[in-house]
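Undergrad: Below is coords-v2.cif; it holds mmCIF, C-alpha atoms.
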data_my_file
#
loop_
_atom_site.label_atom_id
_atom_site.label_comp_id
_atom_site.auth_asym_id
_atom_site.auth_seq_id
_atom_site.Cartn_x
_atom_site.Cartn_y
_atom_site.Cartn_z
CA MET A 1 110.54 163.10 99.94
CA LYS A 2 108.73 165.99 98.28
CA LEU A 3 105.10 165.92 99.40
CA ARG A 4 102.52 167.15 96.91
CA ASN A 5 99.24 165.23 96.99
CA LEU A 6 97.79 161.76 97.33
CA LYS A 7 99.11 160.68 93.93
CA GLY A 8 102.66 161.74 94.75
CA THR A 9 105.49 159.22 94.61
CA VAL A 10 108.99 158.54 95.85
CA GLU A 11 111.62 157.24 93.43
CA LEU A 12 113.15 153.89 94.38
CA SER A 13 116.82 153.12 93.73
CA ASN A 14 115.99 151.52 90.37
CA GLY A 15 113.90 154.48 89.20
CA VAL A 16 110.47 152.97 89.88
CA GLN A 17 107.96 155.51 91.23
CA MET A 18 106.29 154.22 94.41
CA PRO A 19 103.27 156.10 95.81
CA TYR A 20 104.24 157.32 99.27
CA LEU A 21 100.76 156.79 100.72
CA GLY A 22 98.78 153.61 100.24
CA LEU A 23 96.04 151.41 101.64
CA GLY A 24 97.04 148.45 103.79
CA VAL A 25 94.68 145.49 103.77
CA PHE A 26 96.04 143.41 106.66
CA GLN A 27 93.10 141.66 108.39
CA THR A 28 90.68 142.91 105.73
CA PRO A 29 88.40 139.96 104.91
CA ASN A 30 87.59 139.09 101.31
CA ASP A 31 83.94 140.06 101.75
CA GLN A 32 84.93 143.63 102.73
CA ILE A 33 87.97 144.24 100.56
CA LYS A 34 86.17 145.31 97.38
CA GLU A 35 84.33 148.13 99.13
CA ALA A 36 87.51 149.33 100.87
CA VAL A 37 89.71 149.15 97.77
CA HIS A 38 87.14 150.88 95.57
CA ALA A 39 86.70 153.65 98.14
CA ALA A 40 90.48 154.15 98.16
CA LEU A 41 90.91 154.09 94.39
CA ASP A 42 87.93 156.38 93.84
CA TYR A 43 89.43 158.90 96.26
CA GLY A 44 92.81 158.86 94.55
CA TYR A 45 94.91 156.15 96.21
CA ARG A 46 97.15 154.30 93.76
CA HIS A 47 98.99 151.95 96.11
CA ILE A 48 97.57 148.79 97.73
CA ASP A 49 99.64 146.61 100.08
CA THR A 50 98.78 142.96 100.70
CA ALA A 51 100.60 139.68 101.44
CA ALA A 52 100.07 135.96 100.96
CA PHE A 53 99.66 135.67 104.74
CA TYR A 54 96.70 138.06 104.71
CA ASN A 55 94.60 135.51 102.81
CA ASN A 56 92.91 138.20 100.75
CA GLU A 57 94.93 138.34 97.53
CA ASP A 58 92.07 136.71 95.63
CA GLY A 59 89.59 139.29 96.93
CA LEU A 60 91.98 142.11 96.08
CA GLY A 61 92.47 140.74 92.59
CA LYS A 62 88.75 140.65 91.97
CA ALA A 63 88.32 144.16 93.41
CA ILE A 64 90.97 145.63 91.13
CA ARG A 65 89.56 143.82 88.10
CA ALA A 66 86.12 145.21 88.90
CA HIS A 67 87.39 148.80 89.05
CA SER A 68 87.63 151.04 86.00
CA LEU A 69 91.27 152.00 86.58
CA PRO A 70 93.77 150.19 84.36
CA ARG A 71 96.13 147.81 86.15
CA LYS A 72 99.21 149.88 85.25
CA GLU A 73 97.93 152.80 87.34
CA ILE A 74 97.79 150.75 90.55
CA PHE A 75 100.93 149.93 92.55
CA ILE A 76 100.45 146.46 94.08
CA THR A 77 102.70 145.04 96.78
CA SER A 78 102.65 141.48 98.08
CA LYS A 79 104.99 139.38 100.22
CA VAL A 80 106.26 135.80 100.43
CA TRP A 81 105.29 134.18 103.72
CA ASN A 82 107.73 132.45 106.08
CA THR A 83 106.67 128.88 105.37
CA ASP A 84 107.15 129.46 101.63
CA GLN A 85 110.70 130.75 101.93
CA GLY A 86 113.51 129.07 99.99
CA TYR A 87 114.25 129.38 96.28
CA ASP A 88 111.78 127.03 94.57
CA SER A 89 108.98 127.54 97.08
CA THR A 90 109.30 131.32 96.73
CA ILE A 91 108.91 131.07 92.95
CA ASP A 92 105.82 128.90 93.50
CA ALA A 93 104.43 131.35 96.08
CA PHE A 94 104.96 134.26 93.70
CA ASN A 95 103.11 132.46 90.92
CA THR A 96 100.25 131.69 93.31
CA SER A 97 100.05 135.36 94.32
CA LEU A 98 99.92 136.44 90.67
CA GLU A 99 97.15 133.95 89.98
CA LYS A 100 95.09 135.12 92.95
CA LEU A 101 95.68 138.80 92.16
CA GLN A 102 94.76 138.17 88.49
CA THR A 103 97.83 140.01 87.22
CA ASP A 104 100.93 139.04 85.28
CA TYR A 105 103.35 141.16 87.34
CA LEU A 106 103.75 142.84 90.73
CA ASP A 107 105.02 146.33 91.38
CA LEU A 108 106.80 145.30 94.58
CA TYR A 109 107.47 141.89 96.13
CA LEU A 110 108.88 141.59 99.64
CA VAL A 111 110.42 138.91 101.87
CA HIS A 112 107.91 139.09 104.71
CA TRP A 113 110.26 138.22 107.61
CA PRO A 114 113.98 137.34 107.89
CA VAL A 115 113.63 133.59 108.40
CA LYS A 116 117.04 132.39 109.55
CA GLY A 117 118.77 130.09 107.09
CA LYS A 118 116.22 130.79 104.35
CA TYR A 119 116.04 134.48 103.51
CA LYS A 120 119.16 134.45 101.30
CA GLU A 121 117.73 131.75 99.02
CA THR A 122 114.42 133.57 99.08
CA TRP A 123 116.19 136.75 98.01
CA ARG A 124 117.92 134.92 95.16
CA ALA A 125 114.46 133.94 93.88
CA LEU A 126 113.31 137.58 94.08
CA GLU A 127 116.40 138.67 92.14
CA ASP A 128 115.58 136.19 89.37
CA LEU A 129 111.93 137.30 89.27
CA TYR A 130 113.10 140.89 89.02
CA GLU A 131 115.59 140.16 86.24
CA GLU A 132 112.85 138.32 84.34
CA GLY A 133 110.68 141.45 84.52
CA ARG A 134 107.93 139.76 86.53
CA VAL A 135 108.21 142.27 89.37
CA ARG A 136 109.16 145.94 89.03
CA ALA A 137 110.89 146.27 92.41
CA ILE A 138 111.97 143.92 95.20
CA GLY A 139 112.57 144.43 98.87
CA VAL A 140 112.30 143.06 102.37
CA SER A 141 110.08 143.47 105.39
CA ASN A 142 111.00 143.45 109.07
CA PHE A 143 114.75 143.30 108.41
CA MET A 144 117.06 144.76 111.03
CA GLN A 145 120.43 146.23 110.08
CA HIS A 146 122.31 142.99 110.71
CA HIS A 147 119.89 141.09 108.47
CA LEU A 148 120.40 143.65 105.71
CA GLU A 149 124.18 143.56 106.08
CA ASP A 150 124.16 139.76 105.93
CA LEU A 151 121.94 139.78 102.84
CA MET A 152 124.02 142.42 101.11
CA HIS A 153 127.17 140.28 101.34
CA SER A 154 125.80 137.84 98.77
CA ALA A 155 123.07 139.82 96.97
CA LYS A 156 123.45 140.77 93.29
CA ILE A 157 120.67 143.35 93.69
CA MET A 158 120.22 145.49 96.78
CA PRO A 159 116.77 145.65 98.42
CA MET A 160 114.84 148.67 97.23
CA VAL A 161 112.39 148.81 100.17
CA ASN A 162 112.36 147.77 103.83
CA GLN A 163 108.83 147.66 105.26
CA VAL A 164 108.98 147.60 109.04
CA GLU A 165 106.97 148.38 112.13
CA PHE A 166 107.30 152.15 112.47
CA HIS A 167 105.38 154.57 114.66
CA PRO A 168 106.01 157.20 117.37
CA HIS A 169 106.99 154.53 119.93
CA LEU A 170 109.33 152.67 117.53
CA ILE A 171 111.44 154.83 115.25
CA GLN A 172 114.70 152.82 115.13
CA GLN A 173 116.64 155.85 113.88
CA ASP A 174 119.85 153.85 113.34
CA LEU A 175 117.97 151.55 110.97
CA VAL A 176 116.31 154.52 109.26
CA ASP A 177 119.75 156.08 108.72
CA PHE A 178 121.27 152.81 107.47
CA CYS A 179 118.48 152.36 104.93
CA LYS A 180 118.78 155.95 103.75
CA LYS A 181 122.57 155.59 103.34
CA ASN A 182 122.06 152.45 101.25
CA LYS A 183 119.18 153.86 99.18
CA ILE A 184 116.63 151.47 100.70
CA GLN A 185 113.22 153.15 100.99
CA TYR A 186 111.77 152.93 104.50
CA GLU A 187 108.10 151.94 104.72
CA ALA A 188 105.86 151.80 107.79
CA TRP A 189 103.40 149.15 108.84
CA SER A 190 101.13 149.74 111.85
CA PRO A 191 101.71 153.52 111.71
CA LEU A 192 98.81 154.12 114.12
CA MET A 193 100.05 151.56 116.65
CA GLN A 194 96.83 149.55 116.31
CA GLY A 195 94.94 152.53 117.72
CA LYS A 196 97.26 153.24 120.64
CA VAL A 197 98.27 156.64 119.19
CA PHE A 198 94.81 157.91 120.19
CA GLU A 199 95.77 157.47 123.86
CA ILE A 200 98.81 159.78 123.70
CA ASP A 201 98.32 163.26 125.19
CA LEU A 202 100.73 164.96 122.80
CA PHE A 203 98.62 163.96 119.83
CA ARG A 204 95.47 165.34 121.44
CA GLU A 205 97.32 168.65 121.83
CA LEU A 206 98.65 168.62 118.24
CA SER A 207 95.25 167.64 116.89
CA GLU A 208 93.80 170.84 118.36
CA LYS A 209 96.75 172.95 117.25
CA TYR A 210 96.62 171.87 113.61
CA ASN A 211 92.87 171.24 113.46
CA LYS A 212 93.53 167.74 112.20
CA SER A 213 92.68 164.30 113.56
CA ILE A 214 95.26 162.34 115.52
CA ALA A 215 95.52 159.83 112.66
CA GLN A 216 96.20 162.65 110.20
CA ILE A 217 98.93 164.08 112.46
CA VAL A 218 100.69 160.71 112.70
CA ILE A 219 100.43 159.97 108.98
CA ARG A 220 101.77 163.42 108.13
CA TRP A 221 104.66 162.89 110.59
CA ASP A 222 105.52 159.62 108.81
CA LEU A 223 105.53 161.28 105.41
CA GLN A 224 107.56 164.28 106.56
CA LYS A 225 110.15 161.82 107.87
CA GLY A 226 110.38 160.34 104.36
CA VAL A 227 108.61 157.10 105.28
CA VAL A 228 106.16 155.46 102.87
CA THR A 229 102.99 154.75 104.84
CA ILE A 230 100.09 152.30 104.38
CA PRO A 231 97.39 152.86 107.03
CA LYS A 232 94.64 150.27 106.91
CA SER A 233 90.89 150.74 107.18
CA VAL A 234 87.69 149.31 105.71
CA ASN A 235 85.72 152.46 106.50
CA LYS A 236 85.22 154.83 103.54
CA GLU A 237 85.28 157.98 105.68
CA ARG A 238 88.48 156.96 107.48
CA ILE A 239 90.15 155.90 104.22
CA GLU A 240 89.45 159.36 102.83
CA ALA A 241 90.44 161.14 106.06
CA ASN A 242 93.75 159.26 106.23
CA ALA A 243 94.68 160.79 102.87
CA ASP A 244 93.67 164.34 103.82
CA VAL A 245 97.16 165.24 104.99
CA PHE A 246 98.52 167.45 102.22
CA ASP A 247 97.10 170.82 103.26
CA PHE A 248 99.25 171.34 106.37
CA GLU A 249 102.80 170.85 107.60
CA ILE A 250 104.03 169.89 111.06
CA SER A 251 106.65 172.31 112.39
CA GLU A 252 110.22 171.14 113.02
CA GLU A 253 109.67 171.70 116.74
CA ASP A 254 106.57 169.51 116.83
CA MET A 255 108.26 166.86 114.64
CA ALA A 256 111.01 166.70 117.27
CA ARG A 257 108.46 166.43 120.10
CA ILE A 258 106.87 163.44 118.37
CA ASP A 259 110.31 161.89 117.84
CA GLN A 260 110.88 162.11 121.59
CA LEU A 261 108.01 159.65 122.17
CA ASP A 262 110.28 156.88 120.88
CA CYS A 263 110.68 154.20 123.55
CA ASP A 264 111.57 151.14 121.44
CA GLY A 265 108.03 149.91 122.06
CA ARG A 266 106.97 147.16 119.69
CA ILE A 267 103.46 146.01 118.91
CA GLY A 268 104.47 143.10 116.68
CA PRO A 269 107.15 140.43 117.22
CA HIS A 270 110.85 141.22 117.16
CA PRO A 271 112.42 140.16 113.84
CA ASP A 272 115.13 138.18 115.65
CA ASP A 273 112.44 135.98 117.23
CA ILE A 274 111.06 134.73 113.90
#
Would you encode the structure as structure tokens?
TA:
Amino acid sequence: MKLRNLKGTVELSNGVQMPYLGLGVFQTPNDQIKEAVHAALDYGYRHIDTAAFYNNEDGLGKAIRAHSLPRKEIFITSKVWNTDQGYDSTIDAFNTSLEKLQTDYLDLYLVHWPVKGKYKETWRALEDLYEEGRVRAIGVSNFMQHHLEDLMHSAKIMPMVNQVEFHPHLIQQDLVDFCKKNKIQYEAWSPLMQGKVFEIDLFRELSEKYNKSIAQIVIRWDLQKGVVTIPKSVNKERIEANADVFDFEISEEDMARIDQLDCDGRIGPHPDDI
């Protein structure tokens, strides 16, 4: 991943350009989402990540409509929730998301979790939506290697993205390597460990060394590892600060020190328990 600036992108396996830094809106209520999204878009963000489960697609749709940027300049991701998985119900869920988001296509649509016995039919629906041109790229979220291998046995189209929990305590290097080998772009949710990164001594040290905040160090580490990252915030100053990561580079030695924090420590549920 060649890092340039906030508007930089990574090329997915089908040629679609995906901004490598975006705004996550998990737990952002509808009455706050317009202010957050407009702050991000005004600053230069071009990637917004939501999901049906977040219950804020309608607020996001209104926020984007109210902004001066044309729809084609904004990369929008959403996800099909677990209870909507299956072929027909996924198509219905996708249509509902489009209606709420006030758009006639998505840039990326993901299977939110690998629901046993359902995710293959869900994927078949995503393949059809993709072939119909209703979504520019399709992928999965929270899939382990064995889920991906199982899906790939029957898939016509390989997932283009795998959005997973990724942070200094949970790297899952084997999964990172598998995705890279199969041209599946890795994407991080909860990159700041729900605030727990601020308690780690190494990041206090690196923050002083690079004259950057702890959040900026972690986000830069993600990007240097080739991982698309979507930190969430509703605060204008933090939204802007989270994107101020293109004027420095973490040394290879310090990258390795951060990697050594990996302890297979999850914040969210394990995908096999869904």
Undergrad: Going by the chain IDs and residue numbers used in this file, which residues fall under the PyMOL selection byres ((chain A and resi 106) around 8)? Write them as a list in words.
TA: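 Written out, the selection comes to Phe75, Ile76, Thr77, Ser78, Leu98, Thr103, Asp104, Tyr105, Asp107, Leu108, Tyr109, Arg134, Val135 and Arg136 of chain A.
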Undergrad: On this structure, the PyMOL selection byres ((chain A and resi 194-203) around 12) would catch which residues? List them as a PyMOL selection string, sorted by chain and number.
TA: chain A and resi 26-27+165-170+189-193+204-219+221+231-233+250+254-261+265-268
Undergrad: Give the answer as one residue: which of A:Asp49, A:Asp247, A:Asp262, A:Asp273 has the shortest atom-to-atom distance to A:Leu3, using all atoms listed in the file?
TA: A:Asp247
Undergrad: Which residues are close to A:Asp92, i.e. within 12 Å by all atoms listed in the file, leaving aside same-chain residues fewer than 3 positions away? Reply as an MDAnalysis selection string.
TA: chainID A and resid 52 80:81 83:89 95:99 122 125:126 129
Undergrad: If the PyMOL selection byres ((chain A and resi 175) around 12) were run on this exact file, what residues would it hold? Put them as a PyMOL selection string.
TA: chain A and resi 142-149+162-166+170-174+176-182+184-187
Undergrad: Please measure the separation of atom CA of A:Ile239 and atom CA of A:Ile64, giving the value in Å to one decimal.
TA: 16.7 Å
Undergrad: What does the structure give for the distance between atom CA of A:Ala63 and atom CA of A:His112, in Å to one decimal?
TA: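 Distance reported for this atom pair: 23.2 Å.
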Undergrad: Between atom CA of A:Lys118 and atom CA of A:Thr90, what distance in Å does the model show, to one decimal?
TA: 10.3 Å
Undergrad: Report as a tab-separated table (two decimals) with C-alpha atoms, keeping the file's coordinate frame all protein, DNA and RNA residues lying within 10 Å of A:Ser68, evaluated on only C-alpha atoms, omitting residues in the same chain fewer than 5 positions from it.
TA:
chain	number	residue	atom	x	y	z
A	38	HIS	CA	87.14	150.88	95.57
A	41	LEU	CA	90.91	154.09	94.39
A	42	ASP	CA	87.93	156.38	93.84
